[in-house]
Amino acid sequence: MKKYLNVKTIPAIAVLGALGAILMFFDFPIAFAPPFYKVDLGDLPCLIGGFALGPIPAFFIQVIKIIIKLILKPTSTAFVGEIAAFVFSCSYCVSASYIYQKQKNKKGAIKAMIVGSLFMIFVSVIANYLFIIPAYVKLYKMPLEAIISMGSAIFPFINNKLTFVLSCVLLFNVVKAVIVDILTLFLYKHVSPIIKRYSK
């Protein structure tokens with residue numbers, strides 16, 4: 001704990017968390033998923049910060065990100081969306097940050113991002129199937145068939161919740177992870193010295 005989290009890292013964690021919250025508002029839909037699934041770059045500051053500072057700061061960056069997001073824009077999903085975003089982002093950024101600390105070079109970064117992305121995709125697919133989609137159906141009184149039909153409009157072979165999750169949800173998270181991974185790969189060397197300079 002002391003190795004990764006101390007008084008000097010708190011300002012960096014706060015700034016990165018705030019930046020992540022702001023980036024969450026600049027979301028956009030993709031062609032592979034229904035319009036209510038939107039990609040944002042809120043995980044980018046967390047992944048970069050996690051690589052620079054470690055997995056524990058990455059976790060607290062996510063905590064601050066969600067808190068600030070809720071302050072700026074209160075939940076419209078009875079916290080289902082925010083809880084899901086927090087769990088998925090932590091599974092992604094914290095795991096990738098932990099792996100990167102073992103091998104701090106380009107090869108280690110690529111390995112960390114691949115493993116973190118795959119873990120996040122796995123968690124999101126399971127969580128959407130077991131919790132998130134049923135929660136939205138219950139909260140918004142939206143028939144499951146309506147959600148599935150949105151997926152079948154994109155991929156005709158979708159005919160149930162499982163095929164929806166294994167196509168739309170999976171592809172959505174793959175696209176999001178790839179975008180954040182590529183941006184992290186290009187930006188990390190330029191941004192990490194600044195983060196480290198003001199957190200030591």
# chains A, B, ... in the order shown; residues from 1 in each chain; ligands from 1

call {"tool": "residues_around", "arguments": {"residues": "Leu162 (chain A)", "least_positions_apart": "6", "cutoff": "12 Å", "atoms": "only C-alpha atoms", "output": "ChimeraX atom specification"}}
result
/A:125-130,133,144,147-148,151,168-170

call {"tool": "residues_around", "arguments": {"residues": "Lys111 (chain A)", "least_positions_apart": "3", "cutoff": "12 Å", "atoms": "only C-alpha atoms", "output": "PDB file with N, CA, C and O atoms, in the first residue's frame"}}
result
ATOM      1  N   SER A  95      -6.177  -4.285 -13.208  1.00  0.00           N
ATOM      2  CA  SER A  95      -5.455  -5.512 -13.590  1.00  0.00           C
ATOM      3  C   SER A  95      -4.293  -5.191 -14.532  1.00  0.00           C
ATOM      4  O   SER A  95      -3.187  -5.725 -14.374  1.00  0.00           O
ATOM      5  N   ALA A  96      -4.531  -4.311 -15.506  1.00  0.00           N
ATOM      6  CA  ALA A  96      -3.458  -3.936 -16.436  1.00  0.00           C
ATOM      7  C   ALA A  96      -2.318  -3.227 -15.699  1.00  0.00           C
ATOM      8  O   ALA A  96      -1.133  -3.483 -15.967  1.00  0.00           O
ATOM      9  N   SER A  97      -2.664  -2.354 -14.760  1.00  0.00           N
ATOM     10  CA  SER A  97      -1.640  -1.630 -13.990  1.00  0.00           C
ATOM     11  C   SER A  97      -0.803  -2.588 -13.149  1.00  0.00           C
ATOM     12  O   SER A  97       0.417  -2.445 -13.042  1.00  0.00           O
ATOM     13  N   TYR A  98      -1.456  -3.563 -12.559  1.00  0.00           N
ATOM     14  CA  TYR A  98      -0.746  -4.552 -11.728  1.00  0.00           C
ATOM     15  C   TYR A  98       0.255  -5.336 -12.565  1.00  0.00           C
ATOM     16  O   TYR A  98       1.416  -5.531 -12.161  1.00  0.00           O
ATOM     17  N   ILE A  99      -0.165  -5.769 -13.740  1.00  0.00           N
ATOM     18  CA  ILE A  99       0.713  -6.548 -14.619  1.00  0.00           C
ATOM     19  C   ILE A  99       1.877  -5.694 -15.110  1.00  0.00           C
ATOM     20  O   ILE A  99       3.022  -6.152 -15.164  1.00  0.00           O
ATOM     21  N   TYR A 100       1.602  -4.432 -15.435  1.00  0.00           N
ATOM     22  CA  TYR A 100       2.662  -3.558 -15.955  1.00  0.00           C
ATOM     23  C   TYR A 100       3.765  -3.325 -14.931  1.00  0.00           C
ATOM     24  O   TYR A 100       4.933  -3.174 -15.307  1.00  0.00           O
ATOM     25  N   GLN A 101       3.407  -3.290 -13.635  1.00  0.00           N
ATOM     26  CA  GLN A 101       4.421  -3.059 -12.600  1.00  0.00           C
ATOM     27  C   GLN A 101       5.468  -4.173 -12.570  1.00  0.00           C
ATOM     28  O   GLN A 101       6.580  -3.972 -12.097  1.00  0.00           O
ATOM     29  N   LYS A 102       5.129  -5.341 -13.119  1.00  0.00           N
ATOM     30  CA  LYS A 102       6.062  -6.473 -13.143  1.00  0.00           C
ATOM     31  C   LYS A 102       7.050  -6.377 -14.307  1.00  0.00           C
ATOM     32  O   LYS A 102       8.104  -6.993 -14.287  1.00  0.00           O
ATOM     33  N   GLN A 103       6.682  -5.628 -15.334  1.00  0.00           N
ATOM     34  CA  GLN A 103       7.529  -5.524 -16.524  1.00  0.00           C
ATOM     35  C   GLN A 103       7.333  -4.152 -17.159  1.00  0.00           C
ATOM     36  O   GLN A 103       6.505  -3.964 -18.039  1.00  0.00           O
ATOM     37  N   LYS A 104       8.107  -3.187 -16.717  1.00  0.00           N
ATOM     38  CA  LYS A 104       7.904  -1.799 -17.120  1.00  0.00           C
ATOM     39  C   LYS A 104       8.646  -1.453 -18.402  1.00  0.00           C
ATOM     40  O   LYS A 104       9.654  -0.739 -18.394  1.00  0.00           O
ATOM     41  N   ASN A 105       8.165  -1.978 -19.493  1.00  0.00           N
ATOM     42  CA  ASN A 105       8.677  -1.631 -20.821  1.00  0.00           C
ATOM     43  C   ASN A 105       7.538  -1.769 -21.821  1.00  0.00           C
ATOM     44  O   ASN A 105       6.403  -2.095 -21.441  1.00  0.00           O
ATOM     45  N   LYS A 106       7.832  -1.508 -23.091  1.00  0.00           N
ATOM     46  CA  LYS A 106       6.782  -1.530 -24.106  1.00  0.00           C
ATOM     47  C   LYS A 106       6.127  -2.903 -24.221  1.00  0.00           C
ATOM     48  O   LYS A 106       4.908  -3.020 -24.331  1.00  0.00           O
ATOM     49  N   LYS A 107       6.948  -3.934 -24.184  1.00  0.00           N
ATOM     50  CA  LYS A 107       6.411  -5.294 -24.248  1.00  0.00           C
ATOM     51  C   LYS A 107       5.500  -5.579 -23.056  1.00  0.00           C
ATOM     52  O   LYS A 107       4.426  -6.174 -23.202  1.00  0.00           O
ATOM     53  N   GLY A 108       5.932  -5.135 -21.881  1.00  0.00           N
ATOM     54  CA  GLY A 108       5.116  -5.320 -20.682  1.00  0.00           C
ATOM     55  C   GLY A 108       3.820  -4.538 -20.753  1.00  0.00           C
ATOM     56  O   GLY A 108       2.770  -5.009 -20.296  1.00  0.00           O
ATOM     57  N   ILE A 114      -3.401  -6.070 -23.097  1.00  0.00           N
ATOM     58  CA  ILE A 114      -4.126  -7.209 -23.681  1.00  0.00           C
ATOM     59  C   ILE A 114      -4.837  -8.002 -22.582  1.00  0.00           C
ATOM     60  O   ILE A 114      -6.029  -8.308 -22.695  1.00  0.00           O
ATOM     61  N   VAL A 115      -4.101  -8.319 -21.511  1.00  0.00           N
ATOM     62  CA  VAL A 115      -4.707  -9.085 -20.415  1.00  0.00           C
ATOM     63  C   VAL A 115      -5.817  -8.284 -19.747  1.00  0.00           C
ATOM     64  O   VAL A 115      -6.907  -8.810 -19.469  1.00  0.00           O
ATOM     65  N   GLY A 116      -5.565  -6.993 -19.477  1.00  0.00           N
ATOM     66  CA  GLY A 116      -6.584  -6.149 -18.852  1.00  0.00           C
ATOM     67  C   GLY A 116      -7.818  -6.023 -19.719  1.00  0.00           C
ATOM     68  O   GLY A 116      -8.952  -6.077 -19.221  1.00  0.00           O
ATOM     69  N   SER A 117      -7.620  -5.876 -21.026  1.00  0.00           N
ATOM     70  CA  SER A 117      -8.749  -5.762 -21.955  1.00  0.00           C
ATOM     71  C   SER A 117      -9.574  -7.046 -21.971  1.00  0.00           C
ATOM     72  O   SER A 117     -10.804  -7.005 -21.915  1.00  0.00           O
ATOM     73  N   LEU A 118      -8.894  -8.185 -22.048  1.00  0.00           N
ATOM     74  CA  LEU A 118      -9.600  -9.470 -22.079  1.00  0.00           C
ATOM     75  C   LEU A 118     -10.363  -9.709 -20.781  1.00  0.00           C
ATOM     76  O   LEU A 118     -11.490 -10.220 -20.804  1.00  0.00           O
ATOM     77  N   ASP A 181      -6.424   1.407 -25.454  1.00  0.00           N
ATOM     78  CA  ASP A 181      -5.094   0.798 -25.469  1.00  0.00           C
ATOM     79  C   ASP A 181      -4.163   1.524 -26.442  1.00  0.00           C
ATOM     80  O   ASP A 181      -3.007   1.825 -26.111  1.00  0.00           O
ATOM     81  N   LEU A 185      -0.818   3.696 -25.511  1.00  0.00           N
ATOM     82  CA  LEU A 185       0.484   3.337 -26.073  1.00  0.00           C
ATOM     83  C   LEU A 185       1.191   4.556 -26.658  1.00  0.00           C
ATOM     84  O   LEU A 185       2.410   4.716 -26.517  1.00  0.00           O
TER      85      LEU A 185
END

call {"tool": "select_by_dssp", "arguments": {"residues": "chain A", "states": "strand (DSSP E or B)", "output": "list in words"}}
result
Phe28, Pro29, Lys38 and Val39 of chain A

call {"tool": "write_last_selection", "arguments": {"atoms": "N, CA, C and O atoms", "output": "tab-separated table (two decimals), in the first residue's frame"}}
result
chain	number	residue	atom	x	y	z
A	28	PHE	N	-19.71	8.49	-27.56
A	28	PHE	CA	-20.21	8.38	-28.93
A	28	PHE	C	-20.63	6.93	-29.20
A	28	PHE	O	-20.03	5.99	-28.67
A	29	PRO	N	-21.67	6.74	-30.01
A	29	PRO	CA	-22.12	5.38	-30.35
A	29	PRO	C	-21.21	4.75	-31.39
A	29	PRO	O	-20.44	5.44	-32.06
A	38	LYS	N	-22.53	3.47	-25.46
A	38	LYS	CA	-21.70	4.52	-26.01
A	38	LYS	C	-20.27	4.42	-25.47
A	38	LYS	O	-20.06	4.16	-24.29
A	39	VAL	N	-19.32	4.63	-26.36
A	39	VAL	CA	-17.91	4.59	-26.00
A	39	VAL	C	-17.48	5.94	-25.44
A	39	VAL	O	-17.83	6.98	-25.99

call {"tool": "residues_around", "arguments": {"residues": "Val94 (chain A)", "least_positions_apart": "2", "cutoff": "8 Å", "atoms": "only C-alpha atoms", "output": "PyMOL selection string"}}
result
chain A and resi 47+50+55-56+58-59+89-92+96-98+116

call {"tool": "closest_residue", "arguments": {"among": "A:Leu171, A:Ile110, A:Cys93, A:Lys8", "to": "Gly54 (chain A)", "atoms": "only C-alpha atoms"}}
result
A:Cys93

call {"tool": "select_by_dssp", "arguments": {"residues": "region 76-129 of chain A", "states": "alpha helix (DSSP H)", "output": "PyMOL selection string"}}
result
chain A and resi 80-100+106-127

call {"tool": "atom_distance", "arguments": {"atom1": "CA of Phe51 (chain A)", "atom2": "CA of Lys176 (chain A)"}}
result
18.4 Å

call {"tool": "residues_around", "arguments": {"residues": "Leu23 (chain A)", "least_positions_apart": "2", "cutoff": "7 Å", "atoms": "only C-alpha atoms", "output": "list in words"}}
result
Leu19, Gly20, Ala21, Phe25, Phe26, Asp40, Leu41 and Gly42 of chain A

call {"tool": "closest_residue", "arguments": {"among": "A:Phe60, A:Phe119, A:Phe172, A:Phe164", "to": "Phe88 (chain A)", "atoms": "only C-alpha atoms"}}
result
A:Phe119

call {"tool": "closest_residue", "arguments": {"among": "A:Ile64, A:Met142, A:Leu183, A:Ala33", "to": "Leu16 (chain A)", "atoms": "only C-alpha atoms"}}
result
A:Ile64

call {"tool": "atom_distance", "arguments": {"atom1": "CA of Asn159 (chain A)", "atom2": "CA of Phe79 (chain A)"}}
result
28.1 Å
